[in-house]
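Student: Got a structure for you, questions after.
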Amino acid sequence: MWARLGSWLGGLVRRGQVEHEMADELKFHLEVRAERWKRQGLSPEEAARRARLEFGGLEGYKEQCREARGLRLADELRADLRYGLRQLRRAPTFTIVTAAILAIAIGANTAIFGLLDAVLLKTLPVERPHELRELEWTARRPRFSSWYNGSSRSNPAGELIATSFAHPVFAYVRDHTTTLADLFCFGDIEQVNVNLGGRAELARGQLVSGGFFRGLGVEAVVGRMITPDDDRPGAPAVAVATYGFWRRALGGPAGAPGQTLVVNGSPVVIVGVAPPAFLGVRPGRAPDLMLSMAIQPAVYAIPDMLRSARHWGFRVMGRLKTGTSEEQAQAQTQALVRQAILADPPAGEEYDLPRVALNGGGQGLDHLRQAFARPLLMLMVVVGVVLLIACANIAGLLRARASARQREIGTRLALGAGRGRLVRQLLTESVLLAVIGGSLGIALAHALRDLLPRVLSTGPEALQLTMEPDGWMLAYSSGMCLLAGVACGILPALHATRLDLAAMLGRTVSNPQQGPARSWTGNALVTAQVSLSLVLLVGAGLFIRTLVNLRSEALGFRPESLLLFQVDATLNGYRDARLNDFYAQALNRLAAVAGVRSVTLSRWGILGGHRTTDSISVPGYTEQGRGHVNVHVHYVAPRYFETMGIPLLQGRDVTWRDHEGAPRVAIVNQALALRYFGGAAPVGRRVGPEGGSADQIEIVGLAADAKFSTLREAAPPTLYLPYRQHRQHLVTFAVRTTGDPTALVDSIRRSLAALDPDVPLFDVRTQGEQIDLATHQERLFAHLVSGFALLALVLACLGTYGTLAYSVARRTPEIGLRMALGAERSDVVLMMLRDSLGPVAIGVALGLGGALVGARLVQSMLFGIAGQDSATLAVAVVVLVISALIAAWLPSLRASRLDPMSALRCD
Amino acid sequence: MPPHADLLPGTLDLLILKAVSLGPLHGYGVLLRIEQITGGALLVEQGALYPALFRLEHRGLLEGEWGVSDNNRRAKYYRLTAAGRRRLKTEAEGWNRLATAMAAALRARAGEE
C-alpha cells in the first residue's frame with residue numbers, strides 16, 4: 001500500500017526521469033537482442049528489425065508500463081489542464097465574464113458561509129475545546145437564589161433553567177470535584193466606566209476567577225494572565241485586556257503592562273494582554289477587560305457578593321477529566337451543587353434542589369446562535385440560489401461554446417476517443433474555470449471579512465466575531481468551486497459529446513425539424529434561471545414592502561430632535577432615595593442646558609427592544625376569572641409625555657409631588673382604557689399591583705397610544721408609573737432639543753460630569769438612530785435580497801440572450817431561406833421571440849410556485865404583508881418578463897437583419 | 001526445441017519473481033533466465049515483460065537499480081525485496097498445490113475409488 005503510494009508520488013514528481021529511464025530500459029533490451037541476431041549473421045538493419053518485431057508494439061507496452069505505475073490518469077489530467085488553460089486563454093472575453101460571474105456567486109457564498117461558520121460552527125480559540133463543559137441548573141422553585149446573571153429561560157414544565165451560580169457554590173464544587181478539571185467561573189458586566197489618565201471611556205468587562213485563563217488554556221501575548229493567586233483575599237485588583245482594546249485604548253505596544261486604570265472608581269492594574277484570536281467565551285460579545293474577582297464590589301453593587309449564597313451571578317465552566325464519563329461527571333456535580341446549597345440554605349423559604357446539567361462549552365455560550373440561525377440560513381439559501389443561477393448561466397455559455405467546437409469534438413470521437421474521456425476533458429475545463437472564478441471570489445470575501453459581522457449587528461458596535469478562515473470554511477469554499485465546476489460543465493459536456501457523427505462531419509444546412517429537439521438543454525437552462533430569479537425577485541419585493549410598512553407605522557410619538565442616552569448611577573454606589581435624587585438633579589441640570597427644550601427619563605427608551613411587563617388587578621374586569629392582567633409598564637419622570645410628544649388626552653402628568661411616600665398614581669394609555677375599562681373615562685379609577693390591594697394605585701391621566709419596544713407590535717395596554725415610586729437601576733434619559741440633537745452631546749456630558757464625573761453615560765443616540773437600529777435587520781434583508789435579485793435578473797437576461805443568440809447563429813441558413821421565400825422581417829422577429837417565450841413562461845410558472853413556498857418560510861420575518869401578496873407577485877413577474885423580452889429582442893432583431901443571400905451561403 | 005506451451009494468466013508474475021530470486025537481473029536477463037529455467041518450453045512475449053516488471057516494482061515486490069551490464073552498458077537491474085520473497089513463497093506453494101491436484105485428477109481412471 002505505502003510502497004504503491006510512494007512509487008506513484010515518486011513517479012508524479014520525477015515524471016520526466018521515469019519516462020527517460022523507461023525509454024533507456026527498453027532500448028537496452030532491443031539493442032542486446034539485435035546484437036544477438038547480428039552474431040547469428042544478420043545485417044545490422046535486419047537484426048534491429050527482427051528485435052523490434054519480436055518485442056511487439058513498443059508504444060503500446062510503454063503505455064501499459066505507465067498504467068502499471070498508475071501514471072496514466074495523472075498524465076491525462078495534466079494534459080487536460082494544459083489544454084483547458086489554452087482554451088480559456090484563446091477566448092479571453094468568455095473567460096473573464098464567466099470567471100467574474102462565478103467570482104461574485106462563490107464570493108457571496110463564501111462570505112455568508114463565513115458568517116455562518118463564525119456564529120454556528122466555530123469553536124472557541126482555546127485548547128481542546130471539546131473537553132469544555134458549562135454548568136446549567138433547572139429547578140421549579142429556585143428560591144435558594146435571589147439574584148441571577150446571564151441567560152435564563154423556562155421549560156414547558158414551568159421550571160426555570162439558568163446558567164449562573166453563587167460564588168460559594170462554585171468554590172465548593174471546584175474544591176471537591178474529582179470528575180471535572182480546571183473549574184473556573186466568570187460574570188458578564190455590561191458596561192464599566194474606565195478612567196485612563198483623566199480620559200473616561202466605557203468598556204465591556206468580564207469578571208473572571210483566577211482559573212479562567214488556565215482553564216481555557218489561553219496564554220498571554222504580553223505580560224501575564226490572571227491566576228489563582230489573584231483570588232486570594234486582599235490581592236490587588238488586576239485586569240487582562242483583550243488584544244483589540246489594548247491596541248485601541250491602551251496604546252498598543254507602547255502601553256506596556258503595569259499601567260493603572262480606574263474602573264468604576266477603583267484602581268486596577270493591567271497585567272497582560274490576551275492573544276488576538278481570543279474574544280471571550282461569548283461569540284459576538286467580546287469583552288474589553290477581563291477583571292479579577294477583587295474588583296467585584298465596584299462592578300456588581302452587592303456587598304460581599306463572593307461570600308453570598310443568595311447571589312447567583314457567575315457562570316461556571318470546567319473540563320471533563322479524561323476517562324470520566326459524562327454521566328459520572330453530571331451526577332457528581334449535581335450532588336456537589338446540592339450539598340453547597342444545603343450548607344447555607346435560604347431561611348424560611350420553600351425551595352427545590354436543582355438538577356444540574358453539563359453542556360458542551362466548546363462553541364461558546366451565547367445564544368447568538370439561536371438568534372441568528374434563521375436569518376443566516378435564509379441568506380445562505382439566497383446566495384445558494386444565486387450560485388445555481390450562475391451555474392445555469394455558465395452552463396448555457398459553455399454549451400454554446402461547445403457547439404462552436406463541434407467539429408473538433410466530432411473529429412476526436414470519430415478517431416476513437418472515448419466519450420467518457422472527452423466528457424472528463426470538458427469537465428476539467430469548467431472546473432478550471434470555477435476554480436479561477438472561485439479563487440477570485442474567496443479573495444473578495446476575505447478582503448471584506450471585517451465588514452461582514454456588521455451585517456448581523458443590531459447595535460451601534462459591530463459584532464465581534466472570529467472571521468479567520470478555518471477548516472470548515474476551506475472545505476466549503478473548495479467544495480463549492482468543484483461542485484460549481486461540475487454543475488456548470490456536466491450538461492454541456494454530455495450534450496456536446498452526444499453527436500450524430502455522420503451529420504456532424506458532413507454538416508450542411510441545419511435541419512429545422514431537428515432544431516428544437518436539440519435545444520432542450522438550452523431551454524431548460526433558461527427556464528431554471530428565470531424561475532430562480534423570480535423567486536429572488538419576489539423575495540426582494542416582500543422584504544422591501546416589509547421595510548416600507550415598518551417605516552410608515554404610526555409611532556404615537558415624535559421621534560425627531562430627540563436625544564437618548566442611558567445612565568446607571570448604581571455603578572457609582574447610588575442607592576434608593578439617593579439614586580432617585582441623583583436622577584432628579586440630573587434632570588434639573590439638563591433642563592438648564594442651552595438648546596434643550598425639555599428632558600425626562602424612563603426605565604427603557606421607546607423602540608429599543610426592551611420592555612417591562614407587570615401584572616395588575618383591575619377591579620370590575622374579570623378576564624380569565626383571575627382579576628389579574630398583564631400590562632406593559634413605563635417608569636417615567638415628569639414631562640415624559642411633553643418630551644416624547646405623546647398627547648396627554650385627559651387628567652394630569654406625573655409631577656415631582658408623586659414621590660416615594662406620596663399616594664401611588666398612574667397614567668394609562670388608550671389601549672389599556674379600551675381593553676379594561678371598555679372605553680369609559682379611566683381617570684379617577686383605581687388598579688392594584690400584584691400582591692397588593694386592588695385599589696392602591698389611582699389613575700390620574702389618559703395618554704394617547706404609542707409604540708413600546710418594537711415597531712412590529714401595535715401599542716400594547718400600557719401603564720405609566722412615577723419612577724420615584726419604584727425601584728430603579730439603569731434609566732434612559734430623553735432630551736428634546738431645539739436644534740440638531742447630536743450637537744448637544746458634549747454639553748450634556750459636561751453638565752452630568754459636573755454633577756458626578758464617575759457616573760457614565762452610554763448608548764448615546766438620537767431617537768432616529770434608535771429606530772434605524774430597530775429596523776436594521778429588515779433594512780439589511782431588503783438591501784441584500786434586492787441586490788442579489790438584481791444580479792439574478794441580469795444573469796437570467798444574459799442567459800436568455802445568449803441562448804437565443806446561439807439559436808439564431810445555428811438557424812442562420814434556415815432564416816435566410818425563410819426570408820428568401822418571402823418572410824417579412826417582423827415575421828422573423830416574432831418567430832424568434834416565440835421560441836424564447838416558451839421556456840420563459842415555464843420558468844415563470846415554476847418560479848411562482850417556488851416563491852409561494854419560499855414566502856411561507858420567511859412569513860415570520862415579514863411585516864404588514866402576506867407572503868402570497870398578489871401585487872408583489874405581479875410586479876415581480878412583469879419586471880422579469882419585460883427584462884426577458886428585451887433580452888430576447890436583441891438577437892431576434894439581429895436575425896431579422898440577416899441578408900438572405902449571405903445567410904444561405906454561410907455553410 | 002520442445003514444443004511451446006502458452007502461458008497461463010497470472011503465471012508471468014510468478015515466473016519473473018522466480019527468475020529474479022536466483023539473482024539480480026535486467027529485463028532482458030529475466031527473459032533469458034525464464035527461457036533457461038523452463039527449458040524454453042514457455043513462450044514469453046518480450047514486450048509484455050516490461051509492464052509486468054513495472055507492476056511488480058510498483059507493488060514493492062521488486063526493487064530496481066541502475067547498474068552496468070556484462071558488455072559495459074547501463075541497464076536496470078531488478079532484485080527481489082523481502083515482500084517479493086514472501087510473495088514468491090506463497091505463490092509457489094499455491095501453484096504446487098494446484099499442480100499436484102490437477103495431476104492427480106488427470107491420472108484418475110475409471111473404476112478407481
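To be explicit about the labels: the chains of the C-alpha cells are called A, B, and onward in the order shown, and within each one the residues are counted from 1, while ligands get numbers from 1 in the order they are shown.
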So which residues touch segment 20-37 of chain B within 8 Å, counting only C-alpha atoms, skipping near sequence neighbours fewer than 3 positions away, as a PyMOL selection string?

Tutor: (chain A and resi 25+29+32) or (chain B and resi 15-17+40-44+46+49-50+53+75-80+85)

Student: Output as a ChimeraX atom specification the set of chain B residues within 6 Å of chain A, with distances taken over only C-alpha atoms.

Tutor: /B:28,46-47,51,54-55,58-60

Student: Got time to write the residues from that selection, C-alpha atoms, as a PDB file, in the first residue's frame?

Tutor:
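To be explicit, this is the file written out as selection17.pdb:
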```pdb
ATOM      1  CA  TYR B  28      16.494  -8.944 -20.992  1.00  0.00           C
ATOM      2  CA  GLN B  46       9.123  -9.949 -24.927  1.00  0.00           C
ATOM      3  CA  GLY B  47       7.315  -6.595 -24.668  1.00  0.00           C
ATOM      4  CA  PRO B  51       4.581  -3.817 -17.890  1.00  0.00           C
ATOM      5  CA  PHE B  54       6.842  -2.190 -13.679  1.00  0.00           C
ATOM      6  CA  ARG B  55       3.767  -3.548 -11.920  1.00  0.00           C
ATOM      7  CA  HIS B  58       5.183  -0.529  -8.206  1.00  0.00           C
ATOM      8  CA  ARG B  59       3.801  -3.049  -5.697  1.00  0.00           C
ATOM      9  CA  GLY B  60       7.102  -3.181  -3.866  1.00  0.00           C
TER      10      GLY B  60
END
```

Student: Give the helix (DSSP H, G or I) residues of segment 17-88 of chain B, as DSSP finds them on the backbone, and put them as JSON, numbers by chain.

Tutor: {"B": [17, 18, 19, 20, 21, 27, 28, 29, 30, 31, 32, 33, 34, 35, 36, 37, 49, 50, 51, 52, 53, 54, 55, 56, 57, 58, 82, 83, 84, 85, 86, 87, 88]}

Student: Go ahead and compute the interatomic distance for atom CA of Met290 of chain A and atom CA of Arg204 of chain A, in Å to one decimal.

Tutor: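 Result for atom CA of Met290 of chain A versus atom CA of Arg204 of chain A: 8.9 Å, one decimal.
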
Student: Might you pull out every residue within 7 Å of Leu61 of chain B, with only C-alpha atoms counted and same-chain residues fewer than 2 positions away left off, and present them as a list in words?

Tutor: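 So the residues in contact are Leu56, Glu57, Arg59, Glu63, Leu80, Thr81, Ala83 and Gly84 of chain B.
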
Student: When you look at segment 174-181 of chain A with a cut-off of 6 Å (counting only C-alpha atoms), what residues show up, excluding the ones that are within fewer than 5 positions of it in the same chain? I need them as a PDB file with C-alpha atoms, in the first residue's frame.

Tutor:
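Result file is selection_15.pdb:
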```
ATOM      1  CA  GLY A 318     -14.612  23.246  33.520  1.00  0.00           C
ATOM      2  CA  ARG A 319     -13.025  20.432  31.616  1.00  0.00           C
ATOM      3  CA  LEU A 320     -14.258  16.862  31.654  1.00  0.00           C
ATOM      4  CA  LYS A 321     -11.405  14.768  33.020  1.00  0.00           C
ATOM      5  CA  ALA A 329     -19.434  13.998  35.994  1.00  0.00           C
TER       6      ALA A 329
END
```

Student: Can you tell me which residues surround Val240 of chain A at a distance of at most 6 Å, considering only C-alpha atoms, apart from same-chain residues fewer than 3 positions away, and format the answer as a ChimeraX atom specification?

Tutor: /A:270-273,289-290

Student: Using only C-alpha atoms, which of A:Val735, A:Ala23, A:Leu415, A:Met380 sits nearest Asn109 of chain A?

Tutor: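 Using only C-alpha atoms, Asn109 of chain A sits closest to A:Met380.
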
Student: Can you tell me, as a PDB file with C-alpha atoms, in the first residue's frame, what residues are no more than 10 Å from segment 92-96 of chain B when counting only C-alpha atoms, ignoring any on the same chain fewer than 4 positions away?

Tutor:
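Output file around06.pdb is given in full below:
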```
ATOM      1  CA  THR B  11       1.937 -17.159 -14.233  1.00  0.00           C
ATOM      2  CA  LEU B  14       5.369 -15.875 -10.673  1.00  0.00           C
ATOM      3  CA  LEU B  15       7.962 -16.723 -13.338  1.00  0.00           C
ATOM      4  CA  LEU B  17       9.701 -13.486  -9.256  1.00  0.00           C
ATOM      5  CA  LYS B  18      11.293 -16.924  -9.509  1.00  0.00           C
ATOM      6  CA  ARG B  86       7.283 -13.798   0.804  1.00  0.00           C
ATOM      7  CA  ARG B  87       5.014 -13.445  -2.191  1.00  0.00           C
ATOM      8  CA  LEU B  88       7.108 -15.908  -4.225  1.00  0.00           C
ATOM      9  CA  THR B 100      -0.452 -31.684  -7.658  1.00  0.00           C
ATOM     10  CA  ALA B 101      -4.193 -31.634  -7.516  1.00  0.00           C
ATOM     11  CA  MET B 102      -4.513 -31.226 -11.276  1.00  0.00           C
TER      12      MET B 102
END
```

Student: Mind pulling up the distance from atom CA of Gly595 of chain A to atom CA of Asn669 of chain A?

Tutor: 29.8 Å

Student: Which residues come within 12 Å of Gly244 of chain A, counting only C-alpha atoms, excluding same-chain residues fewer than 3 positions away, as a PyMOL selection string?

Tutor: chain A and resi 203+240-241+247-253+273-280+286-289+464

Student: Given the selection you just returned, output its residues as a file containing C-alpha atoms, formatted as a PDB file, in the first residue's frame.

Tutor:
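The resulting file, again13.pdb, is reproduced below:
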```
ATOM      1  CA  ALA A 203     -15.727  49.410  28.260  1.00  0.00           C
ATOM      2  CA  VAL A 240      -6.139  41.478  31.336  1.00  0.00           C
ATOM      3  CA  ALA A 241      -7.013  43.447  28.206  1.00  0.00           C
ATOM      4  CA  ARG A 247      -4.392  48.354  20.616  1.00  0.00           C
ATOM      5  CA  ARG A 248      -7.333  50.745  20.631  1.00  0.00           C
ATOM      6  CA  ALA A 249      -7.413  52.251  24.079  1.00  0.00           C
ATOM      7  CA  LEU A 250      -4.219  51.351  25.874  1.00  0.00           C
ATOM      8  CA  GLY A 251      -1.811  52.486  23.161  1.00  0.00           C
ATOM      9  CA  GLY A 252      -0.732  49.056  21.884  1.00  0.00           C
ATOM     10  CA  PRO A 253       2.924  48.087  22.276  1.00  0.00           C
ATOM     11  CA  VAL A 273      -2.866  41.135  27.049  1.00  0.00           C
ATOM     12  CA  ALA A 274      -4.828  38.209  25.567  1.00  0.00           C
ATOM     13  CA  PRO A 275      -3.991  36.869  22.075  1.00  0.00           C
ATOM     14  CA  PRO A 276      -5.762  38.480  19.087  1.00  0.00           C
ATOM     15  CA  ALA A 277      -7.972  35.463  18.375  1.00  0.00           C
ATOM     16  CA  PHE A 278      -9.372  35.374  21.913  1.00  0.00           C
ATOM     17  CA  LEU A 279     -12.660  37.275  22.004  1.00  0.00           C
ATOM     18  CA  GLY A 280     -14.064  35.919  25.241  1.00  0.00           C
ATOM     19  CA  ALA A 286     -16.037  40.427  23.115  1.00  0.00           C
ATOM     20  CA  PRO A 287     -15.188  41.970  26.488  1.00  0.00           C
ATOM     21  CA  ASP A 288     -12.558  44.712  26.565  1.00  0.00           C
ATOM     22  CA  LEU A 289     -11.228  43.890  30.011  1.00  0.00           C
ATOM     23  CA  GLN A 464     -17.030  40.815  17.362  1.00  0.00           C
TER      24      GLN A 464
END
```

Student: Between A:Leu525, A:Val173, A:Ala118, A:Leu555, single out the one closest to Asp705 of chain A, counting only C-alpha atoms.

Tutor: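 Once distances to Asp705 of chain A are computed over only C-alpha atoms, the minimum belongs to A:Leu555.
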